[in-house]
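> To be precise about what I am sending: the file is called work-v2.txt and holds compact mmCIF, C-alpha atoms and all ligand atoms.
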# COMPACT_ATOMS: atom_id res chain seq x y z
CA MET A 1 -3.73 -30.20 -11.01
CA ASN A 2 -5.63 -27.37 -12.69
CA ILE A 3 -5.08 -23.78 -11.67
CA LYS A 4 -6.96 -20.84 -13.10
CA PHE A 5 -5.82 -17.28 -12.43
CA LEU A 6 -8.20 -14.43 -13.23
CA PRO A 7 -7.25 -10.82 -12.41
CA LEU A 8 -10.29 -8.71 -11.43
CA GLY A 9 -8.24 -5.59 -10.76
CA GLY A 10 -4.71 -4.45 -9.96
CA ALA A 11 -3.19 -6.19 -12.96
CA ASP A 12 -2.02 -3.28 -15.13
CA GLU A 13 -2.42 -0.65 -12.45
CA ILE A 14 -1.75 0.12 -8.83
CA GLY A 15 -5.22 0.03 -7.34
CA ALA A 16 -8.14 -2.38 -6.82
CA SER A 17 -5.89 -5.43 -6.44
CA CYS A 18 -8.02 -8.57 -6.63
CA PHE A 19 -6.95 -11.88 -8.14
CA TYR A 20 -9.13 -14.96 -8.40
CA VAL A 21 -7.32 -18.29 -8.15
CA ASN A 22 -9.13 -21.57 -8.67
CA ILE A 23 -7.24 -24.64 -7.49
CA ASP A 24 -9.03 -27.91 -8.29
CA GLY A 25 -12.44 -26.33 -7.66
CA THR A 26 -11.60 -24.20 -4.62
CA GLY A 27 -12.07 -20.49 -5.34
CA ILE A 28 -9.70 -18.10 -3.59
CA LEU A 29 -9.47 -14.34 -3.93
CA LEU A 30 -6.10 -12.82 -3.23
CA ASP A 31 -6.89 -9.30 -1.95
CA CYS A 32 -9.96 -7.21 -2.68
CA GLY A 33 -9.08 -3.52 -2.91
CA ILE A 34 -10.33 -0.31 -4.40
CA HIS A 35 -8.62 2.16 -6.72
CA PRO A 36 -7.90 5.18 -4.49
CA ARG A 37 -8.10 7.77 -7.27
CA LYS A 38 -11.30 6.51 -8.96
CA THR A 39 -14.87 6.65 -7.67
CA GLY A 40 -18.03 4.50 -7.92
CA TYR A 41 -17.92 1.22 -9.88
CA GLU A 42 -14.75 2.41 -11.62
CA SER A 43 -12.88 2.12 -8.34
CA LEU A 44 -13.86 -1.52 -7.72
CA PRO A 45 -12.42 -4.79 -8.94
CA LYS A 46 -14.64 -6.55 -11.51
CA LEU A 47 -16.51 -8.70 -8.99
CA ASP A 48 -19.25 -9.43 -11.57
CA ALA A 49 -16.85 -11.84 -13.25
CA LEU A 50 -17.23 -14.12 -10.21
CA LYS A 51 -20.92 -14.72 -10.95
CA ASP A 52 -20.67 -18.36 -12.05
CA LEU A 53 -17.48 -19.25 -10.23
CA PRO A 54 -17.01 -20.84 -6.81
CA VAL A 55 -15.66 -18.24 -4.36
CA ASP A 56 -14.85 -19.74 -0.98
CA PHE A 57 -12.08 -17.64 0.53
CA CYS A 58 -10.47 -14.22 0.39
CA ILE A 59 -6.91 -14.00 1.67
CA VAL A 60 -5.75 -10.45 2.28
CA SER A 61 -2.09 -9.45 2.02
CA HIS A 62 -2.27 -6.14 3.91
CA ALA A 63 -4.53 -3.30 4.97
CA HIS A 64 -3.81 -0.65 2.32
CA GLN A 65 -7.04 0.46 0.63
CA ASP A 66 -5.91 -0.85 -2.76
CA HIS A 67 -5.83 -4.38 -1.27
CA ILE A 68 -8.65 -4.38 1.27
CA GLY A 69 -11.04 -1.51 0.51
CA ALA A 70 -13.61 -3.53 -1.49
CA LEU A 71 -14.04 -6.28 1.15
CA PRO A 72 -17.35 -4.89 2.49
CA ILE A 73 -18.76 -4.88 -1.04
CA LEU A 74 -17.50 -8.41 -1.70
CA ILE A 75 -19.21 -9.62 1.48
CA LYS A 76 -22.45 -7.95 0.45
CA GLN A 77 -22.38 -9.81 -2.86
CA ILE A 78 -20.97 -13.15 -1.64
CA PRO A 79 -21.73 -13.32 2.10
CA HIS A 80 -20.29 -16.78 2.70
CA VAL A 81 -16.70 -15.91 1.69
CA ARG A 82 -14.32 -16.58 4.57
CA ILE A 83 -11.63 -13.93 5.00
CA TYR A 84 -8.09 -14.52 6.25
CA ALA A 85 -5.39 -12.01 7.19
CA THR A 86 -2.68 -11.45 9.74
CA LYS A 87 -3.76 -10.23 13.19
CA GLN A 88 -2.26 -6.79 12.57
CA THR A 89 -4.07 -6.45 9.23
CA VAL A 90 -7.38 -7.21 10.95
CA GLU A 91 -6.64 -4.61 13.63
CA ILE A 92 -5.77 -1.94 11.06
CA ALA A 93 -8.75 -2.91 8.86
CA GLU A 94 -11.09 -2.05 11.69
CA TYR A 95 -9.82 1.55 11.63
CA THR A 96 -9.41 2.00 7.88
CA LEU A 97 -12.75 0.45 6.87
CA HIS A 98 -14.63 2.50 9.46
CA ASN A 99 -12.80 5.55 8.17
CA ALA A 100 -13.83 4.63 4.61
CA VAL A 101 -17.54 4.60 5.51
CA LYS A 102 -17.64 8.39 5.48
CA ILE A 103 -15.32 8.77 2.49
CA LEU A 104 -17.52 6.39 0.48
CA ARG A 105 -20.64 8.27 1.47
CA ASP A 106 -19.10 11.43 0.01
CA SER A 107 -17.87 9.92 -3.23
CA PHE A 108 -20.46 7.16 -3.96
CA GLY A 109 -23.52 9.30 -3.15
CA ASP A 110 -25.04 8.41 -6.53
CA THR A 111 -24.39 4.66 -6.21
CA PRO A 112 -26.06 3.83 -2.86
CA GLU A 113 -25.70 0.08 -3.41
CA LEU A 114 -21.95 0.57 -2.90
CA LEU A 115 -22.31 2.21 0.48
CA TYR A 116 -21.82 0.28 3.67
CA THR A 117 -22.43 1.10 7.29
CA HIS A 118 -20.39 1.05 10.48
CA GLU A 119 -22.45 -1.99 11.59
CA GLU A 120 -21.50 -3.84 8.42
CA VAL A 121 -17.82 -3.05 9.01
CA ASP A 122 -18.12 -4.34 12.59
CA LEU A 123 -19.65 -7.58 11.35
CA LEU A 124 -17.01 -7.95 8.67
CA VAL A 125 -14.07 -7.34 11.01
CA ARG A 126 -15.49 -9.77 13.57
CA SER A 127 -15.77 -12.47 10.92
CA MET A 128 -12.16 -12.11 9.72
CA ASN A 129 -9.87 -14.99 10.65
CA ASP A 130 -6.38 -14.03 11.74
CA TYR A 131 -3.16 -16.01 11.66
CA ARG A 132 0.43 -15.33 12.62
CA TYR A 133 3.35 -15.21 10.22
CA ASN A 134 4.70 -18.65 9.30
CA GLU A 135 1.73 -20.44 10.84
CA THR A 136 0.12 -22.95 8.47
CA PHE A 137 -3.64 -23.27 8.13
CA GLU A 138 -5.72 -25.38 5.77
CA ILE A 139 -8.61 -24.46 3.52
CA ILE A 140 -10.92 -26.52 1.34
CA GLY A 141 -13.68 -25.10 -0.86
CA MET A 142 -17.25 -26.34 -1.27
CA ARG A 143 -16.65 -27.64 -4.82
CA HIS A 144 -13.10 -28.87 -4.20
CA ASN A 145 -12.55 -32.03 -6.22
CA SER A 146 -9.94 -33.83 -4.14
CA ASN A 147 -9.50 -34.94 -0.53
CA GLU A 148 -6.32 -32.97 -0.10
CA SER A 149 -6.70 -29.50 1.40
CA ILE A 150 -4.79 -26.36 0.41
CA LYS A 151 -2.23 -25.19 2.95
CA VAL A 152 -1.83 -21.44 3.42
CA ARG A 153 0.94 -19.49 5.15
CA PHE A 154 1.66 -15.78 5.64
CA TYR A 155 5.23 -14.54 5.27
CA ASP A 156 6.32 -11.12 6.56
CA ALA A 157 6.39 -8.83 3.50
CA GLY A 158 8.22 -5.92 5.22
CA HIS A 159 5.93 -3.35 3.56
CA ILE A 160 3.76 -2.02 6.43
CA LEU A 161 2.62 -3.33 9.81
CA GLY A 162 0.99 -6.74 9.28
CA SER A 163 1.82 -6.95 5.58
CA ALA A 164 2.15 -10.48 4.27
CA SER A 165 3.09 -12.44 1.22
CA ILE A 166 0.88 -15.50 0.79
CA LEU A 167 2.00 -19.06 0.10
CA LEU A 168 -0.53 -21.61 -1.19
CA GLU A 169 0.69 -25.19 -1.08
CA TYR A 170 -1.22 -28.04 -2.67
CA LYS A 171 -0.21 -31.56 -3.67
CA GLY A 172 3.45 -30.59 -3.24
CA LYS A 173 3.20 -27.54 -5.54
CA ARG A 174 3.73 -24.02 -4.26
CA ILE A 175 2.17 -20.73 -5.41
CA PHE A 176 3.62 -17.57 -3.87
CA TYR A 177 1.89 -14.17 -4.07
CA THR A 178 4.20 -11.37 -2.92
CA GLY A 179 1.44 -8.83 -2.13
CA ASP A 180 3.25 -5.51 -1.75
CA ILE A 181 6.73 -6.59 -0.80
CA ASN A 182 9.64 -4.54 0.48
CA LEU A 183 13.23 -5.75 0.61
CA ASN A 184 14.85 -2.61 2.09
CA PRO A 185 15.06 -1.69 5.75
CA GLN A 186 12.75 1.26 6.45
CA SER A 187 12.90 3.29 9.64
CA LEU A 188 10.60 0.86 11.52
CA MET A 189 9.67 -2.12 9.34
CA GLN A 190 12.52 -4.40 8.34
CA PRO A 191 12.89 -6.20 4.98
CA ALA A 192 10.58 -9.06 3.99
CA LEU A 193 11.27 -12.62 5.11
CA PRO A 194 10.17 -14.71 2.11
CA PRO A 195 10.38 -18.53 2.09
CA SER A 196 13.77 -20.12 1.57
CA LYS A 197 12.41 -23.13 -0.37
CA PRO A 198 11.67 -22.75 -4.11
CA VAL A 199 8.15 -22.14 -5.43
CA ASP A 200 6.45 -23.21 -8.67
CA ILE A 201 4.41 -20.09 -9.48
CA LEU A 202 5.37 -16.59 -8.40
CA ILE A 203 2.77 -13.82 -8.59
CA THR A 204 4.76 -10.67 -8.03
CA GLU A 205 4.06 -6.98 -7.65
CA THR A 206 6.08 -4.71 -9.97
CA THR A 207 5.43 -1.18 -8.61
CA TYR A 208 9.11 -0.25 -8.85
CA GLY A 209 10.22 -3.10 -11.08
CA THR A 210 12.04 -0.72 -13.41
CA LYS A 211 13.92 1.06 -10.63
CA ASN A 212 17.39 0.27 -9.36
CA ILE A 213 19.74 1.32 -6.59
CA ASN A 214 20.33 4.72 -8.24
CA ASP A 215 16.60 5.51 -8.08
CA PHE A 216 16.15 4.37 -4.51
CA LYS A 217 19.12 4.96 -2.29
CA ALA A 218 19.25 3.46 1.17
CA TRP A 219 16.54 4.88 3.46
CA GLU A 220 19.14 6.46 5.76
CA LYS A 221 20.94 8.19 2.89
CA GLU A 222 17.74 9.62 1.42
CA SER A 223 16.65 10.81 4.85
CA ASP A 224 19.83 12.95 5.06
CA ARG A 225 18.84 14.68 1.81
CA PHE A 226 15.25 15.05 3.08
CA VAL A 227 16.39 16.63 6.36
CA GLU A 228 18.65 19.03 4.49
CA TYR A 229 15.64 20.20 2.47
CA LEU A 230 13.41 20.53 5.55
CA ASN A 231 16.09 22.54 7.37
CA SER A 232 16.41 24.91 4.40
CA ILE A 233 12.68 25.77 4.70
CA LEU A 234 12.35 25.65 8.51
CA ASN A 235 15.43 27.84 9.08
CA LYS A 236 13.82 30.56 6.98
CA GLY A 237 10.65 30.39 9.07
CA GLY A 238 8.56 28.35 6.60
CA SER A 239 6.43 25.25 7.10
CA VAL A 240 6.65 22.09 5.03
CA LEU A 241 3.67 20.02 3.92
CA VAL A 242 4.55 16.33 3.58
CA PRO A 243 1.55 14.54 2.07
CA VAL A 244 1.67 10.94 3.31
CA PHE A 245 -0.50 7.83 3.40
CA ALA A 246 -1.96 7.49 6.90
CA LEU A 247 -0.96 3.84 6.99
CA GLY A 248 2.73 3.01 6.71
CA LYS A 249 4.37 6.09 5.24
CA THR A 250 3.30 8.38 8.10
CA GLN A 251 4.82 6.12 10.74
CA GLU A 252 8.03 5.56 8.76
CA ILE A 253 8.57 9.25 7.92
CA LEU A 254 7.57 10.50 11.37
CA SER A 255 10.02 8.16 13.07
CA THR A 256 12.74 8.99 10.51
CA LEU A 257 12.41 12.70 11.33
CA HIS A 258 12.11 12.14 15.06
CA LYS A 259 15.33 10.11 15.08
CA LYS A 260 17.04 12.95 13.17
CA LEU A 261 15.68 15.43 15.70
CA LEU A 262 17.10 13.37 18.57
CA LYS A 263 20.48 13.43 16.84
CA LYS A 264 20.10 17.21 16.40
CA LYS A 265 20.36 16.85 12.60
CA LEU A 266 16.89 18.29 12.08
CA THR A 267 16.13 21.85 13.18
CA GLU A 268 13.98 21.92 16.34
CA THR A 269 10.40 22.01 14.99
CA ILE A 270 6.76 21.03 15.50
CA PHE A 271 5.31 17.86 13.94
CA TYR A 272 1.71 18.42 12.88
CA THR A 273 -0.10 15.09 12.44
CA GLY A 274 -3.52 13.69 13.30
CA GLY A 275 -6.57 11.88 11.98
CA LEU A 276 -6.43 8.20 11.16
CA SER A 277 -2.63 8.11 11.29
CA SER A 278 -2.60 8.74 15.05
CA LYS A 279 -4.75 5.64 15.61
CA ILE A 280 -2.43 3.62 13.40
CA ASN A 281 0.61 4.92 15.32
CA ARG A 282 -0.85 3.25 18.38
CA LEU A 283 -1.18 -0.06 16.52
CA TYR A 284 2.47 0.16 15.44
CA ASP A 285 3.48 0.69 19.08
CA LYS A 286 1.21 -2.08 20.32
CA ASN A 287 2.59 -4.66 17.88
CA ARG A 288 6.24 -3.64 17.93
CA PHE A 289 7.43 -6.80 19.73
CA LEU A 290 5.42 -9.10 17.45
CA VAL A 291 6.75 -8.08 14.03
CA ASN A 292 10.15 -7.63 12.42
CA TYR A 293 10.75 -4.14 13.84
CA SER A 294 14.00 -2.16 13.73
CA ASP A 295 13.92 -1.33 17.44
CA PRO A 296 11.06 -2.66 19.57
CA ASP A 297 11.97 -0.23 22.36
CA TYR A 298 11.19 2.70 20.10
CA GLU A 299 7.66 4.12 20.53
CA LEU A 300 5.88 6.58 18.26
CA ALA A 301 3.88 7.71 21.31
CA ASN A 302 7.04 9.41 22.62
CA ILE A 303 7.07 11.87 19.69
CA GLU A 304 5.58 15.22 20.56
CA GLN A 305 2.91 16.06 17.99
CA SER A 306 0.35 18.79 17.36
CA ASP A 307 -3.07 17.85 15.98
CA ALA A 308 -3.33 19.44 12.52
CA TYR A 309 -7.03 18.54 12.37
CA GLN A 310 -7.74 20.94 15.26
CA ILE A 311 -6.18 23.93 13.49
CA ASN A 312 -8.71 26.20 11.81
CA ASP A 313 -6.53 29.25 11.24
CA LEU A 314 -3.94 28.42 8.58
CA GLN A 315 -1.86 31.38 9.73
CA THR A 316 -0.79 29.03 12.55
CA TYR A 317 1.69 27.49 10.10
CA VAL A 318 3.22 30.95 9.53
CA LYS A 319 3.34 31.83 13.21
CA ASN A 320 4.46 28.40 14.42
CA PRO A 321 6.25 26.76 11.48
CA GLY A 322 6.57 23.00 11.40
CA VAL A 323 6.42 19.81 9.38
CA VAL A 324 2.86 18.82 8.50
CA LEU A 325 2.49 15.08 7.92
CA VAL A 326 -1.08 14.49 6.75
CA SER A 327 -2.89 12.24 4.28
CA SER A 328 -3.46 11.65 1.49
CA GLY A 329 -0.03 11.09 0.02
CA MET A 330 -1.12 11.99 -3.52
CA LEU A 331 -3.14 15.09 -2.53
CA LEU A 332 -6.35 13.39 -3.64
CA LYS A 333 -9.44 15.58 -3.67
CA ASN A 334 -11.57 15.60 -0.49
CA THR A 335 -8.58 14.71 1.70
CA PHE A 336 -6.93 16.75 4.43
CA SER A 337 -3.67 17.39 2.57
CA TYR A 338 -5.65 18.63 -0.45
CA SER A 339 -7.58 21.06 1.78
CA LEU A 340 -4.29 22.79 2.68
CA LEU A 341 -3.01 22.92 -0.87
CA SER A 342 -4.31 26.20 -2.33
CA TYR A 343 -3.16 28.12 0.77
CA TRP A 344 0.20 26.36 0.77
CA LEU A 345 0.98 26.98 -2.90
CA ARG A 346 0.67 30.74 -2.35
CA GLN A 347 3.28 30.90 0.45
CA SER A 348 6.72 31.68 -0.94
CA LYS A 349 8.50 30.66 2.28
CA PHE A 350 6.75 27.26 2.46
CA GLY A 351 7.61 23.92 0.92
CA ILE A 352 5.89 20.71 -0.19
CA ALA A 353 7.84 17.48 -0.03
CA PHE A 354 6.51 14.33 -1.69
CA VAL A 355 7.86 11.10 -0.25
CA GLY A 356 6.07 8.24 -1.96
CA TYR A 357 4.42 6.82 -5.06
CA LEU A 358 2.44 9.38 -7.10
CA ASP A 359 -0.22 8.22 -9.54
CA PRO A 360 0.42 10.05 -12.85
CA GLU A 361 -3.17 11.40 -12.79
CA SER A 362 -3.05 12.63 -9.19
CA PRO A 363 -3.01 16.31 -8.11
CA ALA A 364 0.35 15.65 -6.42
CA HIS A 365 1.87 14.60 -9.72
CA LYS A 366 0.49 17.77 -11.36
CA VAL A 367 2.03 19.99 -8.68
CA LEU A 368 5.37 18.20 -8.88
CA THR A 369 5.63 18.32 -12.67
CA ALA A 370 4.56 21.98 -12.83
CA GLY A 371 7.09 23.05 -10.16
CA LYS A 372 7.76 26.38 -8.48
CA GLY A 373 7.00 29.51 -10.50
CA ASN A 374 4.47 27.79 -12.79
CA LYS A 375 0.72 27.51 -12.73
CA VAL A 376 -1.14 24.33 -11.84
CA GLU A 377 -4.76 23.57 -12.71
CA LEU A 378 -6.61 22.45 -9.58
CA ARG A 379 -10.07 23.80 -8.68
CA GLU A 380 -8.69 27.00 -10.23
CA LYS A 381 -5.37 27.89 -11.84
CA ILE A 382 -2.87 28.66 -9.10
CA GLU A 383 0.69 29.84 -9.38
CA ILE A 384 3.05 27.70 -7.32
CA LYS A 385 4.99 30.10 -5.11
CA CYS A 386 6.24 27.57 -2.56
CA SER A 387 9.12 25.22 -3.18
CA VAL A 388 8.32 21.67 -4.34
CA ALA A 389 10.58 18.65 -3.85
CA LYS A 390 10.41 14.87 -4.27
CA PHE A 391 12.15 12.27 -2.16
CA SER A 392 12.33 8.57 -2.84
CA PHE A 393 11.43 6.53 0.20
CA THR A 394 10.16 3.21 -1.00
CA SER A 395 8.30 0.44 0.72
CA HIS A 396 8.31 -1.68 -2.47
CA ALA A 397 11.07 -3.88 -3.87
CA ARG A 398 13.26 -2.47 -6.65
CA GLY A 399 13.79 -4.34 -9.93
CA ASP A 400 17.22 -5.67 -8.95
CA GLN A 401 15.77 -6.97 -5.68
CA LEU A 402 12.89 -8.69 -7.48
CA ILE A 403 15.45 -10.43 -9.70
CA ASN A 404 17.27 -11.59 -6.57
CA LEU A 405 14.01 -12.88 -5.14
CA ILE A 406 13.32 -14.81 -8.35
CA ASP A 407 16.85 -16.20 -8.24
CA ASN A 408 16.14 -17.57 -4.76
CA LEU A 409 12.58 -18.81 -5.30
CA LYS A 410 13.32 -20.40 -8.70
CA PRO A 411 9.72 -20.38 -10.00
CA SER A 412 8.92 -22.08 -13.31
CA ARG A 413 6.26 -19.44 -14.00
CA ILE A 414 5.99 -15.76 -13.06
CA ILE A 415 2.85 -13.63 -13.25
CA LEU A 416 3.44 -9.86 -13.12
CA VAL A 417 0.81 -7.75 -11.34
CA HIS A 418 0.45 -4.42 -9.48
CA GLY A 419 2.36 -2.21 -11.92
CA GLU A 420 1.77 0.25 -14.71
CA GLU A 421 1.72 -1.40 -18.12
CA THR A 422 4.93 0.16 -19.43
CA SER A 423 6.93 -0.71 -16.34
CA LYS A 424 5.61 -4.28 -16.44
CA ASP A 425 6.75 -4.55 -20.07
CA LEU A 426 10.20 -3.31 -19.19
CA ILE A 427 10.68 -5.65 -16.25
CA GLY A 428 9.22 -8.48 -18.38
CA PHE A 429 11.94 -8.03 -21.03
CA LYS A 430 14.60 -7.93 -18.35
CA LEU A 431 13.31 -11.13 -16.75
CA LEU A 432 13.11 -13.00 -20.06
CA ASP A 433 16.68 -11.99 -20.73
CA LYS A 434 17.88 -13.16 -17.33
CA PHE A 435 15.66 -16.27 -17.01
CA PRO A 436 15.02 -17.46 -20.59
CA ASN A 437 13.38 -20.73 -19.49
CA ILE A 438 10.75 -19.17 -17.25
CA LYS A 439 7.12 -18.95 -18.39
CA LEU A 440 6.16 -15.31 -18.02
CA ASN A 441 2.70 -13.76 -17.95
CA SER A 442 1.90 -10.09 -17.66
CA ALA A 443 -1.52 -10.14 -15.96
CA GLU A 444 -4.37 -8.35 -17.74
CA LYS A 445 -7.72 -7.52 -16.21
CA LEU A 446 -10.30 -10.29 -16.86
CA LYS A 447 -7.85 -12.31 -18.96
CA GLN A 448 -7.72 -15.80 -17.48
CA ILE A 449 -4.46 -17.72 -17.30
CA GLU A 450 -4.85 -21.52 -17.15
CA MET A 451 -2.02 -23.57 -15.75
CA LYS A 452 -1.38 -27.27 -15.26
CA LEU A 453 1.13 -28.31 -12.63
ZN ZN B 501 0.56 -1.45 0.03
ZN ZN B 502 -0.60 -1.94 -3.26
Taking this structure as input, can you express it in the form of structure tokens?


Amino acid sequence: MNIKFLPLGGADEIGASCFYVNIDGTGILLDCGIHPRKTGYESLPKLDALKDLPVDFCIVSHAHQDHIGALPILIKQIPHVRIYATKQTVEIAEYTLHNAVKILRDSFGDTPELLYTHEEVDLLVRSMNDYRYNETFEIIGMRHNSNESIKVRFYDAGHILGSASILLEYKGKRIFYTGDINLNPQSLMQPALPPSKPVDILITETTYGTKNINDFKAWEKESDRFVEYLNSILNKGGSVLVPVFALGKTQEILSTLHKKLLKKKLTETIFYTGGLSSKINRLYDKNRFLVNYSDPDYELANIEQSDAYQINDLQTYVKNPGVVLVSSGMLLKNTFSYSLLSYWLRQSKFGIAFVGYLDPESPAHKVLTAGKGNKVELREKIEIKCSVAKFSFTSHARGDQLINLIDNLKPSRIILVHGEETSKDLIGFKLLDKFPNIKLNSAEKLKQIEMKL
């Protein structure tokens, strides 16, 4: 059997994940995301490369923008593509893609062909096919050159609500795409449940492939350190800004802090949240019995929260200090967390705590590397008077866990994706050392890999 693998985005970077796989004439896209930091065509996967290729299906691993955000544009260009995802991913997509309509209008104003409307999102969401974890469904493309169909199955990836790894099975051969996979228990989502049987080809994310247990301690242990930091600011009457992704990180961090509050480890305080994350909280609650959840009786709706989006006077955070959990996690321009930044940096009693992945080019990374007492170049040069701290809460597998996964899945070929180039190189060397007989490819944008199985 012939398999072609062509990365259109998300190969050497974390953003715009989109991988074209052709199995005996059936064209499948794995994910179709945008790059959150870039704008216009730069932010999209290279969909032009699909021009002369059959594209029948798009199978989506999860609802983060870097995996799903370009779907409306894909459907505009190739309207007959059938889309598959888990039920929870479809539910979240409805919120996040509607939310993106306005964001796109702001940032793609000069490329109107990339804009889409609420009606188009409605149509798209209605046409998405949803399946449960571990349920097998079959697909067969228009130019498929055999009678045997391709079997597809979603496996719980433990990353966010609805996140899935994707197994493609054809003529007895198995291709496994991890998507964004997490092998640690978080506060709500529990570790991934990958297949127990071996696979032939493993396409794996490498976000934290170079990290080990010393870089990412257990969630519970890191949350103790986090709470200690928050208490040090709150007890002095300051507020703490925690920039977070609306989807996933907000729910995990909010519940982490709430559980600490219930145990009286965290100083009594106000949680300021709001926007898209509140809608997603409801989806977490709604689906809590259907996914691998730490405690299905636990509801985010029981956490008392104040709506940060309703606060116009920033002095509120001085008068009524609290923990402000708002997106975006990397303080990207035109987002709510960014709008608080210049005020926040000037408050000596305040703090900013980063809790997730920071793109090296992002404003968050600039603030963190400059640190307290130094100037940072944003819209203007601002001296950082507040305290700045970083905590390592990961929803991606560490390098040692990826090696474990490979040990269990025993692939004959591995393709590395979803990682910065240097970290992919490092994990690549490690893998070759540990598994000298494995064929290893580091995916590169628009560089096709041909395989015979
Ligand atoms: Zn993700
Ligand atoms: Zn991702």

> Return as an MDAnalysis selection string every polymer residue, whether protein, DNA or RNA, with at least one atom no more than 10 Å from an atom of ligand ZN 501 (chain B); count all atoms listed in the file.

chainID A and resid 14:15 17 61:68 159:160 163 179:182 207 245 247:249 395:396 418

> What does the file look like for those residues with C-alpha atoms, as a PDB file, in the frame of the given file?


ATOM      1  CA  ILE A  14      -1.750   0.120  -8.830  1.00  0.00           C
ATOM      2  CA  GLY A  15      -5.220   0.030  -7.340  1.00  0.00           C
ATOM      3  CA  SER A  17      -5.890  -5.430  -6.440  1.00  0.00           C
ATOM      4  CA  SER A  61      -2.090  -9.450   2.020  1.00  0.00           C
ATOM      5  CA  HIS A  62      -2.270  -6.140   3.910  1.00  0.00           C
ATOM      6  CA  ALA A  63      -4.530  -3.300   4.970  1.00  0.00           C
ATOM      7  CA  HIS A  64      -3.810  -0.650   2.320  1.00  0.00           C
ATOM      8  CA  GLN A  65      -7.040   0.460   0.630  1.00  0.00           C
ATOM      9  CA  ASP A  66      -5.910  -0.850  -2.760  1.00  0.00           C
ATOM     10  CA  HIS A  67      -5.830  -4.380  -1.270  1.00  0.00           C
ATOM     11  CA  ILE A  68      -8.650  -4.380   1.270  1.00  0.00           C
ATOM     12  CA  HIS A 159       5.930  -3.350   3.560  1.00  0.00           C
ATOM     13  CA  ILE A 160       3.760  -2.020   6.430  1.00  0.00           C
ATOM     14  CA  SER A 163       1.820  -6.950   5.580  1.00  0.00           C
ATOM     15  CA  GLY A 179       1.440  -8.830  -2.130  1.00  0.00           C
ATOM     16  CA  ASP A 180       3.250  -5.510  -1.750  1.00  0.00           C
ATOM     17  CA  ILE A 181       6.730  -6.590  -0.800  1.00  0.00           C
ATOM     18  CA  ASN A 182       9.640  -4.540   0.480  1.00  0.00           C
ATOM     19  CA  THR A 207       5.430  -1.180  -8.610  1.00  0.00           C
ATOM     20  CA  PHE A 245      -0.500   7.830   3.400  1.00  0.00           C
ATOM     21  CA  LEU A 247      -0.960   3.840   6.990  1.00  0.00           C
ATOM     22  CA  GLY A 248       2.730   3.010   6.710  1.00  0.00           C
ATOM     23  CA  LYS A 249       4.370   6.090   5.240  1.00  0.00           C
ATOM     24  CA  SER A 395       8.300   0.440   0.720  1.00  0.00           C
ATOM     25  CA  HIS A 396       8.310  -1.680  -2.470  1.00  0.00           C
ATOM     26  CA  HIS A 418       0.450  -4.420  -9.480  1.00  0.00           C
TER      27      HIS A 418
END

> Considering all atoms listed in the file, can you say which of A:Glu377, A:Asp359, A:Glu304, A:Glu421 comes closest to ligand ZN 502 (chain B)?

A:Asp359

> Pick out the closest residue to Leu325 (chain A) from this set: A:Glu205, A:Asp200, A:Glu252, A:Glu138. Count all atoms listed in the file.

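That would be A:Glu252, the residue with the smallest distance to Leu325 (chain A).
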
> Please write as a PDB file with C-alpha atoms, keeping the file's coordinate frame the list of polymer residues whose atoms come within 7 Å of (-15.6, -26.8, -8.2), counting all atoms listed in the file and keeping to the coordinates of the file.


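Output (part.pdb):
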ATOM      1  CA  ASP A  24      -9.030 -27.910  -8.290  1.00  0.00           C
ATOM      2  CA  GLY A  25     -12.440 -26.330  -7.660  1.00  0.00           C
ATOM      3  CA  THR A  26     -11.600 -24.200  -4.620  1.00  0.00           C
ATOM      4  CA  PRO A  54     -17.010 -20.840  -6.810  1.00  0.00           C
ATOM      5  CA  ARG A 143     -16.650 -27.640  -4.820  1.00  0.00           C
ATOM      6  CA  HIS A 144     -13.100 -28.870  -4.200  1.00  0.00           C
ATOM      7  CA  ASN A 145     -12.550 -32.030  -6.220  1.00  0.00           C
TER       8      ASN A 145
END

> I want to know what sits within 10 Å of Pro79 (chain A), based on all atoms listed in the file, with residues of the same chain fewer than 6 positions away left out; could you give that as an MDAnalysis selection string?

chainID A and resid 56 72:73 124

> For the selection you just gave me, I'd like the residues written to a file as a PDB file, in the frame of the given file, keeping C-alpha atoms.


ATOM      1  CA  ASP A  56     -14.850 -19.740  -0.980  1.00  0.00           C
ATOM      2  CA  PRO A  72     -17.350  -4.890   2.490  1.00  0.00           C
ATOM      3  CA  ILE A  73     -18.760  -4.880  -1.040  1.00  0.00           C
ATOM      4  CA  LEU A 124     -17.010  -7.950   8.670  1.00  0.00           C
TER       5      LEU A 124
END

> One decimal, Å: what's the distance from CA of Glu361 (chain A) over to atom ZN of ligand ZN 502 (chain B), could you say?

16.6 Å

> Between A:Asp130, A:Lys264, A:Gly419, A:Leu276, which has the minimum distance to ligand ZN 502 (chain B) (counting all atoms listed in the file)?

A:Gly419

> At what distance in Å, to one decimal, does CA of Arg37 (chain A) lie from CA of Leu114 (chain A)?

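For CA of Leu114 (chain A) relative to CA of Arg37 (chain A), the distance reads 16.2 Å.
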
> Have a look at A:Asp52, A:Lys385, A:Glu420, A:Val242 and name the one nearest to ligand ZN 502 (chain B); count all atoms listed in the file.

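That would be A:Glu420, the residue with the smallest distance to ligand ZN 502 (chain B).
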
> In Å, rounded to a single decimal, give me how far CA of Val81 (chain A) is from CA of Ile3 (chain A).

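Taking CA of Ile3 (chain A) and CA of Val81 (chain A), their separation equals 19.4 Å.
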